[in-house]
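Q: Before I ask anything, here is the structure I am working with.
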Amino acid sequence: MNKVVIAAVIKNNKGQLLAVHLNKEKPEGVWVMPGGKLEDGESARECAIREAKEELGVEIEPIKIVGICEVDYGDNNIWLFIYYSAKIVSGTPVPQEENKTLDVKYIDLQQIHMYEKIIWF
């Protein structure tokens, strides 16, 4: 199984970070940056673009890699997260996947610690 996740770091003109509330991992869900698993034969950029469209209905332009981290969930379950800075080129972020994407909003960087999360780089 592929254990590489590509995520988009999208900020608005106020410097707030775009976060997605997903219905997974915990009963109350988790807040993460938009993204998902890299598919076979797909570039990291293509994955970031596809996931933003699937989750939020927006077209993005990945700019550059701004972070990479490895997360060990135990029992040899290690995932690699690659983060691209990106900008929205068309559309407004709106949850697209019923029963998976619960909400989307911009979060002040000073308030990130207040949100339950899997990983923020």
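Letters A, B, ... go to the chains of the structure tokens in the order shown; residues in each chain start at 1; ligands are counted from 1 in the same order.
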Kindly assemble as CSV a list of the segment 27-79 of chain A residues that lie within 6 Å of segment 93-115 of chain A, each paired with its nearest atom pair and their distance in Å to one decimal, using only C-alpha atoms, sorted first by chain and then by ascending residue number.

A:
residue,atom,partner,partner_atom,distance
A:Glu55,CA,A:Gln96,CA,5.2
A:Leu56,CA,A:Pro93,CA,4.8
A:Val58,CA,A:Pro93,CA,6.0

Q: Go ahead and write the selection's residues with C-alpha atoms as a JSON list (two decimals), in the first residue's frame.

A:
[["chain", "number", "residue", "atom", "x", "y", "z"],
["A", 55, "GLU", "CA", -12.19, 17.51, -1.73],
["A", 56, "LEU", "CA", -12.93, 21.19, -2.30],
["A", 58, "VAL", "CA", -11.08, 24.16, -6.58]]

Q: Compile the contact shell of Ala8 of chain A as a PDB file with all heavy atoms, in the first residue's frame: residues with an atom at most 7 Å away, counting only C-alpha atoms, same-chain residues fewer than 4 positions apart removed.

A:
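Result file is around.pdb:
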ATOM      1  N   MET A  33      -4.671  19.719   6.302  1.00  0.00           N
ATOM      2  CA  MET A  33      -4.572  20.486   5.073  1.00  0.00           C
ATOM      3  C   MET A  33      -5.120  19.620   3.941  1.00  0.00           C
ATOM      4  O   MET A  33      -5.040  18.397   4.006  1.00  0.00           O
ATOM      5  CB  MET A  33      -3.122  20.877   4.820  1.00  0.00           C
ATOM      6  CG  MET A  33      -2.655  21.983   5.744  1.00  0.00           C
ATOM      7  SD  MET A  33      -0.922  22.388   5.542  1.00  0.00           S
ATOM      8  CE  MET A  33      -0.228  21.394   6.857  1.00  0.00           C
ATOM      9  N   PRO A  34      -5.689  20.229   2.904  1.00  0.00           N
ATOM     10  CA  PRO A  34      -6.253  19.430   1.817  1.00  0.00           C
ATOM     11  C   PRO A  34      -5.180  18.575   1.147  1.00  0.00           C
ATOM     12  O   PRO A  34      -4.081  19.053   0.889  1.00  0.00           O
ATOM     13  CB  PRO A  34      -6.819  20.472   0.848  1.00  0.00           C
ATOM     14  CG  PRO A  34      -6.237  21.776   1.245  1.00  0.00           C
ATOM     15  CD  PRO A  34      -5.819  21.661   2.666  1.00  0.00           C
ATOM     16  N   GLY A  35      -5.516  17.323   0.901  1.00  0.00           N
ATOM     17  CA  GLY A  35      -4.570  16.419   0.262  1.00  0.00           C
ATOM     18  C   GLY A  35      -5.009  14.984   0.387  1.00  0.00           C
ATOM     19  O   GLY A  35      -6.105  14.689   0.858  1.00  0.00           O
ATOM     20  N   ALA A  48      -1.670  16.701  -5.736  1.00  0.00           N
ATOM     21  CA  ALA A  48      -2.154  17.898  -5.028  1.00  0.00           C
ATOM     22  C   ALA A  48      -3.322  18.527  -5.791  1.00  0.00           C
ATOM     23  O   ALA A  48      -4.342  18.893  -5.188  1.00  0.00           O
ATOM     24  CB  ALA A  48      -1.017  18.904  -4.851  1.00  0.00           C
ATOM     25  N   TYR A  83       4.446  18.420   1.565  1.00  0.00           N
ATOM     26  CA  TYR A  83       3.602  19.613   1.547  1.00  0.00           C
ATOM     27  C   TYR A  83       4.049  20.581   0.454  1.00  0.00           C
ATOM     28  O   TYR A  83       5.227  20.948   0.406  1.00  0.00           O
ATOM     29  CB  TYR A  83       3.669  20.324   2.904  1.00  0.00           C
ATOM     30  CG  TYR A  83       3.154  19.479   4.029  1.00  0.00           C
ATOM     31  CD1 TYR A  83       3.998  18.647   4.747  1.00  0.00           C
ATOM     32  CD2 TYR A  83       1.810  19.502   4.358  1.00  0.00           C
ATOM     33  CE1 TYR A  83       3.511  17.861   5.777  1.00  0.00           C
ATOM     34  CE2 TYR A  83       1.320  18.719   5.392  1.00  0.00           C
ATOM     35  CZ  TYR A  83       2.177  17.899   6.088  1.00  0.00           C
ATOM     36  OH  TYR A  83       1.699  17.120   7.108  1.00  0.00           O
ATOM     37  N   TYR A  84       3.111  20.984  -0.381  1.00  0.00           N
ATOM     38  CA  TYR A  84       3.357  21.981  -1.426  1.00  0.00           C
ATOM     39  C   TYR A  84       2.691  23.289  -1.033  1.00  0.00           C
ATOM     40  O   TYR A  84       1.515  23.294  -0.650  1.00  0.00           O
ATOM     41  CB  TYR A  84       2.699  21.550  -2.740  1.00  0.00           C
ATOM     42  CG  TYR A  84       3.584  20.761  -3.653  1.00  0.00           C
ATOM     43  CD1 TYR A  84       3.571  19.380  -3.640  1.00  0.00           C
ATOM     44  CD2 TYR A  84       4.426  21.404  -4.560  1.00  0.00           C
ATOM     45  CE1 TYR A  84       4.375  18.650  -4.498  1.00  0.00           C
ATOM     46  CE2 TYR A  84       5.232  20.684  -5.422  1.00  0.00           C
ATOM     47  CZ  TYR A  84       5.200  19.302  -5.387  1.00  0.00           C
ATOM     48  OH  TYR A  84       6.008  18.595  -6.240  1.00  0.00           O
ATOM     49  N   SER A  85       3.414  24.407  -1.162  1.00  0.00           N
ATOM     50  CA  SER A  85       2.704  25.679  -1.101  1.00  0.00           C
ATOM     51  C   SER A  85       1.901  25.736  -2.401  1.00  0.00           C
ATOM     52  O   SER A  85       2.339  25.241  -3.439  1.00  0.00           O
ATOM     53  CB  SER A  85       3.672  26.858  -0.988  1.00  0.00           C
ATOM     54  OG  SER A  85       4.479  26.956  -2.133  1.00  0.00           O
ATOM     55  N   ALA A  86       0.713  26.289  -2.314  1.00  0.00           N
ATOM     56  CA  ALA A  86      -0.156  26.322  -3.493  1.00  0.00           C
ATOM     57  C   ALA A  86      -1.070  27.534  -3.421  1.00  0.00           C
ATOM     58  O   ALA A  86      -1.283  28.096  -2.343  1.00  0.00           O
ATOM     59  CB  ALA A  86      -0.988  25.040  -3.573  1.00  0.00           C
TER      60      ALA A  86
END

Q: Among segment 77-115 of chain A, which residues carry a DSSP assignment of helix (DSSP H, G or I), reported as a list in words?

A: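 Here is the list: Leu109, Gln110, Gln111, Ile112, His113 and Met114 of chain A.
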
Q: Given the choices A:Ile88, A:Leu18, A:Val30, A:Val4, which gets closest to Glu59 of chain A if the distance is worked out from only C-alpha atoms?

A: A:Ile88

Q: Which parts of chain A does DSSP call strand (DSSP E or B) when run on the backbone here, written out as a ChimeraX atom specification?

A: /A:4-11,17-22,30-32,35-37,59-72,78-90,101-107,117

Q: Would you write out those residues with C-alpha atoms, as an mmCIF file, in the first residue's frame?

A:
data_model
loop_
_atom_site.group_PDB
_atom_site.id
_atom_site.type_symbol
_atom_site.label_atom_id
_atom_site.label_comp_id
_atom_site.auth_asym_id
_atom_site.auth_seq_id
_atom_site.Cartn_x
_atom_site.Cartn_y
_atom_site.Cartn_z
ATOM 1 C CA VAL A 4 2.794 8.824 0.680
ATOM 2 C CA VAL A 5 0.428 11.746 1.254
ATOM 3 C CA ILE A 6 0.590 14.998 -0.686
ATOM 4 C CA ALA A 7 -0.972 18.066 0.920
ATOM 5 C CA ALA A 8 -1.482 21.666 -0.173
ATOM 6 C CA VAL A 9 -0.507 24.573 2.054
ATOM 7 C CA ILE A 10 -2.929 27.284 0.931
ATOM 8 C CA LYS A 11 -3.082 30.667 2.631
ATOM 9 C CA LEU A 17 -4.203 28.480 6.496
ATOM 10 C CA LEU A 18 -6.891 26.526 4.633
ATOM 11 C CA ALA A 19 -7.968 23.481 6.670
ATOM 12 C CA VAL A 20 -10.342 20.621 5.911
ATOM 13 C CA HIS A 21 -12.418 18.823 8.553
ATOM 14 C CA LEU A 22 -12.538 15.131 7.657
ATOM 15 C CA VAL A 30 -9.742 15.601 12.226
ATOM 16 C CA TRP A 31 -8.574 18.911 10.752
ATOM 17 C CA VAL A 32 -5.867 18.623 8.074
ATOM 18 C CA GLY A 35 -4.570 16.419 0.262
ATOM 19 C CA GLY A 36 -4.468 12.680 0.033
ATOM 20 C CA LYS A 37 -2.629 9.547 -1.026
ATOM 21 C CA GLU A 59 -8.275 24.323 -9.111
ATOM 22 C CA ILE A 60 -4.897 24.937 -7.496
ATOM 23 C CA GLU A 61 -1.393 25.646 -8.683
ATOM 24 C CA PRO A 62 1.261 23.854 -6.621
ATOM 25 C CA ILE A 63 4.263 26.173 -6.357
ATOM 26 C CA LYS A 64 7.030 24.405 -4.462
ATOM 27 C CA ILE A 65 7.661 21.811 -1.786
ATOM 28 C CA VAL A 66 7.737 23.562 1.583
ATOM 29 C CA GLY A 67 7.828 20.613 3.967
ATOM 30 C CA ILE A 68 8.397 16.890 4.244
ATOM 31 C CA CYS A 69 7.828 14.833 7.340
ATOM 32 C CA GLU A 70 7.703 11.197 8.284
ATOM 33 C CA VAL A 71 5.070 10.010 10.726
ATOM 34 C CA ASP A 72 5.371 6.708 12.570
ATOM 35 C CA ILE A 78 5.257 4.818 8.591
ATOM 36 C CA TRP A 79 3.839 7.498 6.291
ATOM 37 C CA LEU A 80 5.627 10.206 4.333
ATOM 38 C CA PHE A 81 3.859 13.593 4.077
ATOM 39 C CA ILE A 82 4.943 16.054 1.368
ATOM 40 C CA TYR A 83 3.602 19.613 1.547
ATOM 41 C CA TYR A 84 3.357 21.981 -1.426
ATOM 42 C CA SER A 85 2.704 25.679 -1.101
ATOM 43 C CA ALA A 86 -0.156 26.322 -3.493
ATOM 44 C CA LYS A 87 -2.583 28.974 -4.597
ATOM 45 C CA ILE A 88 -6.193 28.671 -5.686
ATOM 46 C CA VAL A 89 -6.515 29.660 -9.348
ATOM 47 C CA SER A 90 -10.269 29.104 -9.667
ATOM 48 C CA THR A 101 -15.354 16.247 4.048
ATOM 49 C CA LEU A 102 -17.375 17.889 6.817
ATOM 50 C CA ASP A 103 -16.172 21.474 6.654
ATOM 51 C CA VAL A 104 -13.505 23.750 5.250
ATOM 52 C CA LYS A 105 -12.237 27.044 6.619
ATOM 53 C CA TYR A 106 -9.244 29.303 6.984
ATOM 54 C CA ILE A 107 -7.541 29.135 10.385
ATOM 55 C CA LYS A 117 -5.308 16.961 13.881
#

Q: Quick one: of A:Gly29, A:Glu42, A:Thr92, A:Asn76, who's nearest to Gly57 of chain A, counting only C-alpha atoms?

A: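 Under the stated criterion, the closest residue is A:Thr92.
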
Q: Could you work out how far atom CA of Asn23 of chain A lies from atom CA of Glu39 of chain A, giving the answer in Å with one decimal?

A: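 Atom CA of Glu39 of chain A sits 21.2 Å away from atom CA of Asn23 of chain A.
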
Q: How far is it from atom CA of Leu38 of chain A to atom CA of Lys53 of chain A, in Å with one decimal?

A: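 Spanning atom CA of Leu38 of chain A to atom CA of Lys53 of chain A is a straight-line distance of 14.4 Å.
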